[in-house]
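Below is the file structure.cif, which contains mmCIF, C-alpha atoms.
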```cif
data_work
loop_
_atom_site.group_PDB
_atom_site.id
_atom_site.type_symbol
_atom_site.label_atom_id
_atom_site.label_comp_id
_atom_site.auth_asym_id
_atom_site.auth_seq_id
_atom_site.Cartn_x
_atom_site.Cartn_y
_atom_site.Cartn_z
ATOM 1 C CA MET A 1254 7.259 -18.974 -2.824
ATOM 2 C CA VAL A 1255 10.338 -20.783 -4.099
ATOM 3 C CA ILE A 1256 9.827 -23.437 -1.416
ATOM 4 C CA ILE A 1257 6.223 -24.010 -2.519
ATOM 5 C CA GLN A 1258 7.035 -24.215 -6.227
ATOM 6 C CA PHE A 1259 9.890 -26.631 -5.591
ATOM 7 C CA ALA A 1260 7.886 -28.752 -3.186
ATOM 8 C CA GLU A 1261 4.815 -29.022 -5.404
ATOM 9 C CA LYS A 1262 6.562 -30.970 -8.112
ATOM 10 C CA GLY A 1263 5.398 -34.532 -7.560
ATOM 11 C CA GLY A 1264 3.195 -33.619 -4.577
ATOM 12 C CA LEU A 1265 4.057 -32.711 -1.008
ATOM 13 C CA ASN A 1266 5.345 -35.044 1.656
ATOM 14 C CA ALA A 1267 4.875 -34.449 5.396
ATOM 15 C CA GLU A 1268 8.269 -32.762 5.785
ATOM 16 C CA GLU A 1269 7.628 -30.339 2.908
ATOM 17 C CA ILE A 1270 4.200 -29.466 4.285
ATOM 18 C CA GLU A 1271 5.738 -28.718 7.677
ATOM 19 C CA THR A 1272 8.440 -26.533 6.084
ATOM 20 C CA ILE A 1273 5.852 -24.537 4.129
ATOM 21 C CA GLN A 1274 3.707 -24.092 7.232
ATOM 22 C CA GLN A 1275 6.704 -22.868 9.245
ATOM 23 C CA GLU A 1276 7.633 -20.399 6.519
ATOM 24 C CA TYR A 1277 4.070 -19.100 6.385
ATOM 25 C CA ASP A 1278 3.967 -18.813 10.175
ATOM 26 C CA GLY A 1279 7.030 -16.543 9.974
ATOM 27 C CA ILE A 1280 5.303 -14.420 7.327
ATOM 28 C CA LEU A 1281 2.185 -14.192 9.509
ATOM 29 C CA GLN A 1282 4.265 -12.896 12.408
ATOM 30 C CA GLU A 1283 5.768 -10.201 10.160
ATOM 31 C CA VAL A 1284 2.271 -9.178 9.077
ATOM 32 C CA GLY A 1285 1.050 -9.054 12.688
ATOM 33 C CA LEU A 1286 -1.082 -12.194 12.798
ATOM 34 C CA GLU A 1287 -0.808 -15.264 14.988
ATOM 35 C CA ILE A 1288 -2.369 -18.703 14.816
ATOM 36 C CA VAL A 1289 -4.866 -19.242 17.619
ATOM 37 C CA PRO A 1290 -6.575 -22.572 18.401
ATOM 38 C CA ILE A 1291 -10.342 -22.317 18.886
ATOM 39 C CA ARG A 1292 -12.203 -25.214 20.445
ATOM 40 C CA GLN A 1293 -15.409 -26.183 18.757
ATOM 41 C CA THR A 1294 -17.679 -28.926 20.080
ATOM 42 C CA LYS A 1295 -15.628 -31.958 19.066
ATOM 43 C CA ARG A 1296 -12.585 -30.483 17.398
ATOM 44 C CA ILE A 1297 -10.101 -27.653 17.459
ATOM 45 C CA ILE A 1298 -9.817 -25.261 14.549
ATOM 46 C CA PHE A 1299 -7.115 -22.669 13.982
ATOM 47 C CA GLU A 1300 -7.775 -19.060 13.093
ATOM 48 C CA LEU A 1301 -5.637 -15.993 12.664
ATOM 49 C CA GLU A 1302 -5.867 -13.147 15.127
ATOM 50 C CA GLU A 1303 -4.056 -9.856 15.158
ATOM 51 C CA ASN A 1304 -1.260 -9.664 17.715
ATOM 52 C CA GLU A 1305 -0.368 -6.638 19.808
ATOM 53 C CA SER A 1306 3.064 -6.001 18.268
ATOM 54 C CA GLN A 1307 3.535 -2.566 16.724
ATOM 55 C CA ASP A 1308 6.555 -3.590 14.660
ATOM 56 C CA THR A 1309 4.527 -5.524 12.075
ATOM 57 C CA LEU A 1310 2.950 -4.653 8.749
ATOM 58 C CA ILE A 1311 -0.438 -4.008 10.372
ATOM 59 C CA GLY A 1312 1.077 -2.011 13.241
ATOM 60 C CA LEU A 1313 3.202 0.092 10.898
ATOM 61 C CA VAL A 1314 0.271 0.779 8.538
ATOM 62 C CA ARG A 1315 -1.739 2.062 11.500
ATOM 63 C CA GLU A 1316 1.158 4.215 12.652
ATOM 64 C CA TRP A 1317 1.573 5.558 9.108
ATOM 65 C CA TYR A 1318 -2.061 6.628 8.643
ATOM 66 C CA ARG A 1319 -2.186 8.108 12.162
ATOM 67 C CA ILE A 1320 0.831 10.268 11.291
ATOM 68 C CA TRP A 1321 -0.931 11.239 8.053
ATOM 69 C CA LEU A 1322 -3.906 12.412 10.122
ATOM 70 C CA ARG A 1323 -1.699 15.187 11.547
ATOM 71 C CA ASP A 1324 -1.429 16.804 8.098
ATOM 72 C CA PRO A 1325 -2.676 20.375 8.672
ATOM 73 C CA ASP A 1326 -4.296 20.466 5.224
ATOM 74 C CA LEU A 1327 -6.713 17.640 6.005
ATOM 75 C CA ARG A 1328 -10.300 18.570 6.728
ATOM 76 C CA ASP A 1329 -12.387 17.361 9.662
ATOM 77 C CA GLU A 1330 -14.125 14.681 7.586
ATOM 78 C CA ASP A 1331 -10.725 13.326 6.514
ATOM 79 C CA GLN A 1332 -10.158 12.342 10.141
ATOM 80 C CA TYR A 1333 -12.814 9.667 9.533
ATOM 81 C CA ILE A 1334 -12.112 8.849 5.887
ATOM 82 C CA LEU A 1335 -8.474 7.806 6.336
ATOM 83 C CA PRO A 1336 -8.921 5.460 9.333
ATOM 84 C CA ASP A 1337 -12.059 3.968 7.797
ATOM 85 C CA GLU A 1338 -10.301 3.293 4.481
ATOM 86 C CA TRP A 1339 -7.186 1.776 6.062
ATOM 87 C CA GLU A 1340 -9.010 -0.291 8.696
ATOM 88 C CA ARG A 1341 -11.135 -1.746 5.900
ATOM 89 C CA LYS A 1342 -7.963 -2.619 3.989
ATOM 90 C CA ILE A 1343 -6.445 -4.193 7.113
ATOM 91 C CA GLU A 1344 -9.560 -6.367 7.518
ATOM 92 C CA LEU A 1345 -9.275 -7.449 3.876
ATOM 93 C CA LEU A 1346 -5.605 -8.216 4.455
ATOM 94 C CA LYS A 1347 -6.451 -10.425 7.438
ATOM 95 C CA ARG A 1348 -9.133 -12.291 5.498
ATOM 96 C CA ARG A 1349 -6.826 -12.924 2.554
ATOM 97 C CA PHE A 1350 -4.065 -14.226 4.808
ATOM 98 C CA GLN A 1351 -6.659 -16.415 6.574
ATOM 99 C CA ARG A 1352 -7.719 -17.957 3.236
ATOM 100 C CA VAL A 1353 -4.146 -18.788 2.280
ATOM 101 C CA PHE A 1354 -3.538 -20.104 5.814
ATOM 102 C CA GLN A 1355 -6.447 -22.537 5.410
ATOM 103 C CA LYS A 1356 -4.998 -23.804 2.133
ATOM 104 C CA ILE A 1357 -1.506 -24.191 3.584
ATOM 105 C CA SER A 1358 -2.811 -25.820 6.780
ATOM 106 C CA ASN A 1359 -4.555 -28.532 4.809
ATOM 107 C CA PRO A 1360 -2.859 -28.684 1.395
ATOM 108 C CA HIS A 1361 -3.678 -32.276 0.493
ATOM 109 C CA ARG A 1362 -6.605 -31.385 -1.722
ATOM 110 C CA GLU A 1363 -4.988 -28.500 -3.574
ATOM 111 C CA GLU A 1364 -1.256 -28.883 -3.081
ATOM 112 C CA THR A 1365 -0.449 -28.143 -6.695
ATOM 113 C CA ARG A 1366 -2.232 -24.786 -6.453
ATOM 114 C CA LEU A 1367 -0.534 -23.426 -3.314
ATOM 115 C CA ASP A 1368 1.860 -21.261 -5.305
ATOM 116 C CA ASP A 1369 -1.108 -19.770 -7.207
ATOM 117 C CA TYR A 1370 -2.784 -18.794 -3.923
ATOM 118 C CA VAL A 1371 0.420 -17.232 -2.629
ATOM 119 C CA MET A 1372 1.020 -15.362 -5.907
ATOM 120 C CA ASP A 1373 -2.556 -14.022 -5.844
ATOM 121 C CA LEU A 1374 -1.953 -12.756 -2.301
ATOM 122 C CA VAL A 1375 1.335 -11.085 -3.288
ATOM 123 C CA LYS A 1376 -0.324 -9.493 -6.332
ATOM 124 C CA TRP A 1377 -3.172 -8.155 -4.180
ATOM 125 C CA LEU A 1378 -0.687 -6.715 -1.670
ATOM 126 C CA ARG A 1379 1.207 -4.898 -4.433
ATOM 127 C CA GLU A 1380 -1.729 -3.662 -6.470
ATOM 128 C CA ARG A 1381 -4.693 -3.286 -4.139
ATOM 129 C CA PHE A 1382 -3.493 -2.994 -0.545
ATOM 130 C CA LYS A 1383 -1.004 -0.217 -1.133
ATOM 131 C CA GLN A 1384 0.289 0.427 -4.583
ATOM 132 C CA ALA A 1385 4.017 0.479 -4.857
ATOM 133 C CA ARG A 1386 5.248 3.630 -6.494
ATOM 134 C CA SER A 1387 5.690 2.974 -10.167
ATOM 135 C CA GLN A 1388 7.858 4.724 -12.706
ATOM 136 C CA ARG A 1389 4.837 6.507 -14.168
ATOM 137 C CA GLN A 1390 4.055 8.065 -10.759
ATOM 138 C CA GLU A 1391 7.403 9.802 -10.501
ATOM 139 C CA PRO A 1392 7.219 13.581 -10.927
ATOM 140 C CA LYS A 1393 8.181 14.793 -14.382
ATOM 141 C CA ILE A 1394 9.146 18.194 -15.729
ATOM 142 C CA ARG A 1395 8.974 18.514 -19.502
ATOM 143 C CA MET A 1396 9.721 21.354 -21.837
ATOM 144 C CA LYS A 1397 6.506 22.158 -23.678
ATOM 145 C CA GLY A 1398 7.889 24.743 -26.071
ATOM 146 C CA THR A 1399 9.457 28.141 -26.489
ATOM 147 C CA SER A 1400 8.207 31.525 -27.552
ATOM 148 C CA GLN A 1401 9.704 34.967 -28.125
ATOM 149 C CA TYR A 1402 8.604 38.067 -26.240
ATOM 150 C CA GLU A 1403 10.320 41.482 -26.513
ATOM 151 C CA GLY A 1404 13.720 39.978 -27.269
ATOM 152 C CA PHE A 1405 13.462 37.297 -24.589
ATOM 153 C CA THR A 1406 13.071 33.585 -25.153
ATOM 154 C CA LEU A 1407 10.386 32.141 -22.897
ATOM 155 C CA ILE A 1408 10.447 28.439 -22.142
ATOM 156 C CA GLN A 1409 7.189 26.726 -21.260
ATOM 157 C CA PHE A 1410 7.295 23.716 -18.956
ATOM 158 C CA THR A 1411 4.765 21.112 -17.956
ATOM 159 C CA ILE A 1412 5.025 19.611 -14.476
ATOM 160 C CA GLU A 1413 3.370 16.246 -13.887
ATOM 161 C CA PHE A 1414 2.950 14.753 -10.436
ATOM 162 C CA TYR A 1415 1.069 11.855 -8.879
ATOM 163 C CA LEU A 1416 -1.493 12.612 -6.216
ATOM 164 C CA ASP A 1417 -2.168 9.889 -3.690
ATOM 165 C CA ASN A 1418 -5.737 9.772 -2.335
ATOM 166 C CA ALA A 1419 -7.242 12.711 -4.235
ATOM 167 C CA LYS A 1420 -10.568 12.436 -2.386
ATOM 168 C CA LEU A 1421 -9.068 13.966 0.741
ATOM 169 C CA GLU A 1422 -9.567 17.639 1.507
ATOM 170 C CA ASP A 1423 -13.047 17.455 -0.002
ATOM 171 C CA PHE A 1424 -11.533 16.569 -3.412
ATOM 172 C CA ARG A 1425 -9.575 19.834 -3.431
ATOM 173 C CA ARG A 1426 -6.232 18.245 -2.678
ATOM 174 C CA GLY A 1427 -5.095 18.309 -6.313
ATOM 175 C CA SER A 1428 -5.758 22.049 -6.631
ATOM 176 C CA ARG A 1429 -3.931 22.812 -3.396
ATOM 177 C CA VAL A 1430 -0.884 20.757 -4.411
ATOM 178 C CA SER A 1431 -0.838 22.380 -7.890
ATOM 179 C CA ILE A 1432 -0.884 25.851 -6.351
ATOM 180 C CA GLU A 1433 1.879 24.968 -3.876
ATOM 181 C CA ILE A 1434 4.079 23.525 -6.640
ATOM 182 C CA TYR A 1435 3.517 26.640 -8.770
ATOM 183 C CA GLN A 1436 4.422 28.902 -5.837
ATOM 184 C CA GLU A 1437 7.551 26.876 -5.092
ATOM 185 C CA VAL A 1438 8.687 26.951 -8.729
ATOM 186 C CA MET A 1439 8.135 30.707 -8.920
ATOM 187 C CA ARG A 1440 10.072 31.247 -5.687
ATOM 188 C CA HIS A 1441 13.031 29.291 -7.091
ATOM 189 C CA VAL A 1442 12.895 31.183 -10.386
ATOM 190 C CA LYS A 1443 12.849 34.561 -8.593
ATOM 191 C CA ASP A 1444 15.716 33.526 -6.311
ATOM 192 C CA SER A 1445 17.813 32.206 -9.191
ATOM 193 C CA TYR A 1446 17.042 34.901 -11.762
ATOM 194 C CA PRO A 1447 16.474 38.319 -10.228
ATOM 195 C CA PRO A 1448 14.600 40.758 -12.469
ATOM 196 C CA VAL A 1449 16.676 42.615 -15.060
ATOM 197 C CA LYS A 1450 16.827 46.352 -14.343
ATOM 198 C CA PRO A 1451 16.278 48.649 -17.370
#
```
Before we go any further, please render this structure as structure tokens.
Amino acid sequence: MVIIQFAEKGGLNAEEIETIQQEYDGILQEVGLEIVPIRQTKRIIFELEENESQDTLIGLVREWYRIWLRDPDLRDEDQYILPDEWERKIELLKRRFQRVFQKISNPHREETRLDDYVMDLVKWLRERFKQARSQRQEPKIRMKGTSQYEGFTLIQFTIEFYLDNAKLEDFRRGSRVSIEIYQEVMRHVKDSYPPVKP
């Protein structure tokens, strides 16, 4: 990104174009894509194809959702929902990288916009491909209030948590997680504060 912004000032020369293309080629390899020449009738065009490496973004995303499929709380239909959702996202990822590749391969018409195309791709990766965990998604425990009961002070708490992919488990995932959190909190309370004997 820094290379593109620096190079765009005053247009791109052949050396700068080659540097940008090499940088993008390295990024493509990290993602799991490679540039493949395809012969058409009178010319050769270049397209991106997925490579076989598992140690790439695409390979690791597939490994991640396949591990997720082993979750014992998932339902049978979730075994289709998760792969379908993530394979669709992987296809979108490949298409978006292909579009930027076309711009970088032949930047002469839009060289001053290359950084915009790259920034749009980065924004899509962060916000639409897989959201990075934000501060607002962190679990929070807040004191809601206090009340008195038979000489005891009761403290009321609110627990907030973020649920990723709530449509799994036939949209019952949120209820299951709430129940499990409640049970875990109660177990800790009982272990830490045994009942007072009269």
Within 9 Å of region 1347-1359 of chain A, which residues of region 1273-1333 of chain A come that close, and what is the closest atom pair and distance in Å for each? Count all atoms listed in the file and give it as JSON lines.
```
{"residue": "A:Ile1273", "atom": "CA", "partner": "A:Ile1357", "partner_atom": "CA", "distance": 7.4}
{"residue": "A:Gln1274", "atom": "CA", "partner": "A:Ile1357", "partner_atom": "CA", "distance": 6.4}
{"residue": "A:Tyr1277", "atom": "CA", "partner": "A:Phe1354", "partner_atom": "CA", "distance": 7.7}
{"residue": "A:Asp1278", "atom": "CA", "partner": "A:Phe1354", "partner_atom": "CA", "distance": 8.8}
{"residue": "A:Leu1281", "atom": "CA", "partner": "A:Phe1350", "partner_atom": "CA", "distance": 7.8}
{"residue": "A:Val1284", "atom": "CA", "partner": "A:Lys1347", "partner_atom": "CA", "distance": 9.0}
{"residue": "A:Leu1286", "atom": "CA", "partner": "A:Lys1347", "partner_atom": "CA", "distance": 7.8}
{"residue": "A:Phe1299", "atom": "CA", "partner": "A:Gln1355", "partner_atom": "CA", "distance": 8.6}
{"residue": "A:Glu1300", "atom": "CA", "partner": "A:Gln1351", "partner_atom": "CA", "distance": 7.1}
{"residue": "A:Leu1301", "atom": "CA", "partner": "A:Gln1351", "partner_atom": "CA", "distance": 6.2}
{"residue": "A:Glu1302", "atom": "CA", "partner": "A:Lys1347", "partner_atom": "CA", "distance": 8.2}
{"residue": "A:Glu1303", "atom": "CA", "partner": "A:Lys1347", "partner_atom": "CA", "distance": 8.1}
```
Residues as selected, C-alpha atoms, written as a PDB file, keeping the file's coordinate frame, can you do that?
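New file part-v1.pdb:
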```pdb
ATOM      1  CA  ILE A1273       5.852 -24.537   4.129  1.00  0.00           C
ATOM      2  CA  GLN A1274       3.707 -24.092   7.232  1.00  0.00           C
ATOM      3  CA  TYR A1277       4.070 -19.100   6.385  1.00  0.00           C
ATOM      4  CA  ASP A1278       3.967 -18.813  10.175  1.00  0.00           C
ATOM      5  CA  LEU A1281       2.185 -14.192   9.509  1.00  0.00           C
ATOM      6  CA  VAL A1284       2.271  -9.178   9.077  1.00  0.00           C
ATOM      7  CA  LEU A1286      -1.082 -12.194  12.798  1.00  0.00           C
ATOM      8  CA  PHE A1299      -7.115 -22.669  13.982  1.00  0.00           C
ATOM      9  CA  GLU A1300      -7.775 -19.060  13.093  1.00  0.00           C
ATOM     10  CA  LEU A1301      -5.637 -15.993  12.664  1.00  0.00           C
ATOM     11  CA  GLU A1302      -5.867 -13.147  15.127  1.00  0.00           C
ATOM     12  CA  GLU A1303      -4.056  -9.856  15.158  1.00  0.00           C
TER      13      GLU A1303
END
```
Non-local contacts of Arg1381 (chain A) (10 Å; only C-alpha atoms; under 5 positions in same chain excluded) as an MDAnalysis selection string
chainID A and resid 1342 1346 1375:1376
Using only C-alpha atoms, pick whichever of A:Asn1418, A:Ser1445, A:Asn1304, A:Thr1309 has the shortest atom-to-atom distance to Leu1335 (chain A).
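Under the stated criterion, the closest residue is A:Asn1418.
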Box along x, y and z, 8 Å on every side, all listed atoms of region 1426-1436 of chain A inside: centre and edge lengths in Å to one decimal, as lines of an AutoDock Vina configuration file.
```
center_x = -0.9
center_y = 23.6
center_z = -5.7
size_x = 26.7
size_y = 26.7
size_z = 22.1
```
Show me, as a list in words, the residues that have an atom within 9 Å of Phe1382 (chain A) when counting all atoms listed in the file, minus same-chain residues fewer than 4 positions from it.
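The residues satisfying every condition are Trp1339, Lys1342, Ile1343, Leu1345, Leu1346, Trp1377 and Leu1378 of chain A.
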Selected residues written out, C-alpha atoms, as a PDB file, in the coordinates of the input:
```pdb
ATOM      1  CA  TRP A1339      -7.186   1.776   6.062  1.00  0.00           C
ATOM      2  CA  LYS A1342      -7.963  -2.619   3.989  1.00  0.00           C
ATOM      3  CA  ILE A1343      -6.445  -4.193   7.113  1.00  0.00           C
ATOM      4  CA  LEU A1345      -9.275  -7.449   3.876  1.00  0.00           C
ATOM      5  CA  LEU A1346      -5.605  -8.216   4.455  1.00  0.00           C
ATOM      6  CA  TRP A1377      -3.172  -8.155  -4.180  1.00  0.00           C
ATOM      7  CA  LEU A1378      -0.687  -6.715  -1.670  1.00  0.00           C
TER       8      LEU A1378
END
```
Tell me which protein, DNA and RNA residues are within 7 Å of Lys1393 (chain A), counting only C-alpha atoms, leaving out same-chain ones fewer than 2 positions away, and put them as number ranges by chain.
A: 1391, 1395, 1412-1414
To one decimal place, how far is CA of Asp1329 (chain A) from CA of Arg1425 (chain A) in Å?
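Straight-line distance from CA of Asp1329 (chain A) to CA of Arg1425 (chain A) works out to 13.6 Å.
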Expressed in Å to a single decimal, how great is the separation between CA of Leu1327 (chain A) and CA of Asp1423 (chain A)?
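Atom-to-atom, CA of Leu1327 (chain A) to CA of Asp1423 (chain A), that is 8.7 Å.
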One decimal, Å: what's the distance from CA of Ile1334 (chain A) over to CA of Glu1283 (chain A), could you say?
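According to the coordinates, CA of Ile1334 (chain A) and CA of Glu1283 (chain A) are separated by 26.5 Å.
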How would you write, as a short mmCIF file (atom, residue, chain, number, x, y, z; two decimals) with C-alpha atoms, keeping the file's coordinate frame, the residues chosen by the PyMOL selection byres ((chain A and resi 1428-1438) around 10) on this structure?
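Just written: result-v8.cif:
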```cif
data_model
loop_
_atom_site.label_atom_id
_atom_site.label_comp_id
_atom_site.auth_asym_id
_atom_site.auth_seq_id
_atom_site.Cartn_x
_atom_site.Cartn_y
_atom_site.Cartn_z
CA ASP A 1326 -4.30 20.47 5.22
CA ILE A 1412 5.03 19.61 -14.48
CA GLU A 1413 3.37 16.25 -13.89
CA PHE A 1414 2.95 14.75 -10.44
CA LEU A 1416 -1.49 12.61 -6.22
CA ALA A 1419 -7.24 12.71 -4.24
CA GLU A 1422 -9.57 17.64 1.51
CA PHE A 1424 -11.53 16.57 -3.41
CA ARG A 1425 -9.57 19.83 -3.43
CA ARG A 1426 -6.23 18.24 -2.68
CA GLY A 1427 -5.10 18.31 -6.31
CA MET A 1439 8.14 30.71 -8.92
CA ARG A 1440 10.07 31.25 -5.69
CA HIS A 1441 13.03 29.29 -7.09
CA VAL A 1442 12.90 31.18 -10.39
CA LYS A 1443 12.85 34.56 -8.59
CA ASP A 1444 15.72 33.53 -6.31
#
```
Just want the 9 Å neighbourhood of Lys1397 (chain A), counted on all atoms listed in the file, with same-chain residues fewer than 5 positions away dropped. Output as a PyMOL selection string.
chain A and resi 1408-1411
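Residue nearest Glu1305 (chain A), chosen from A:Glu1330, A:Glu1287, A:Glu1403, A:Asp1324 and counting only C-alpha atoms: A:Glu1287.
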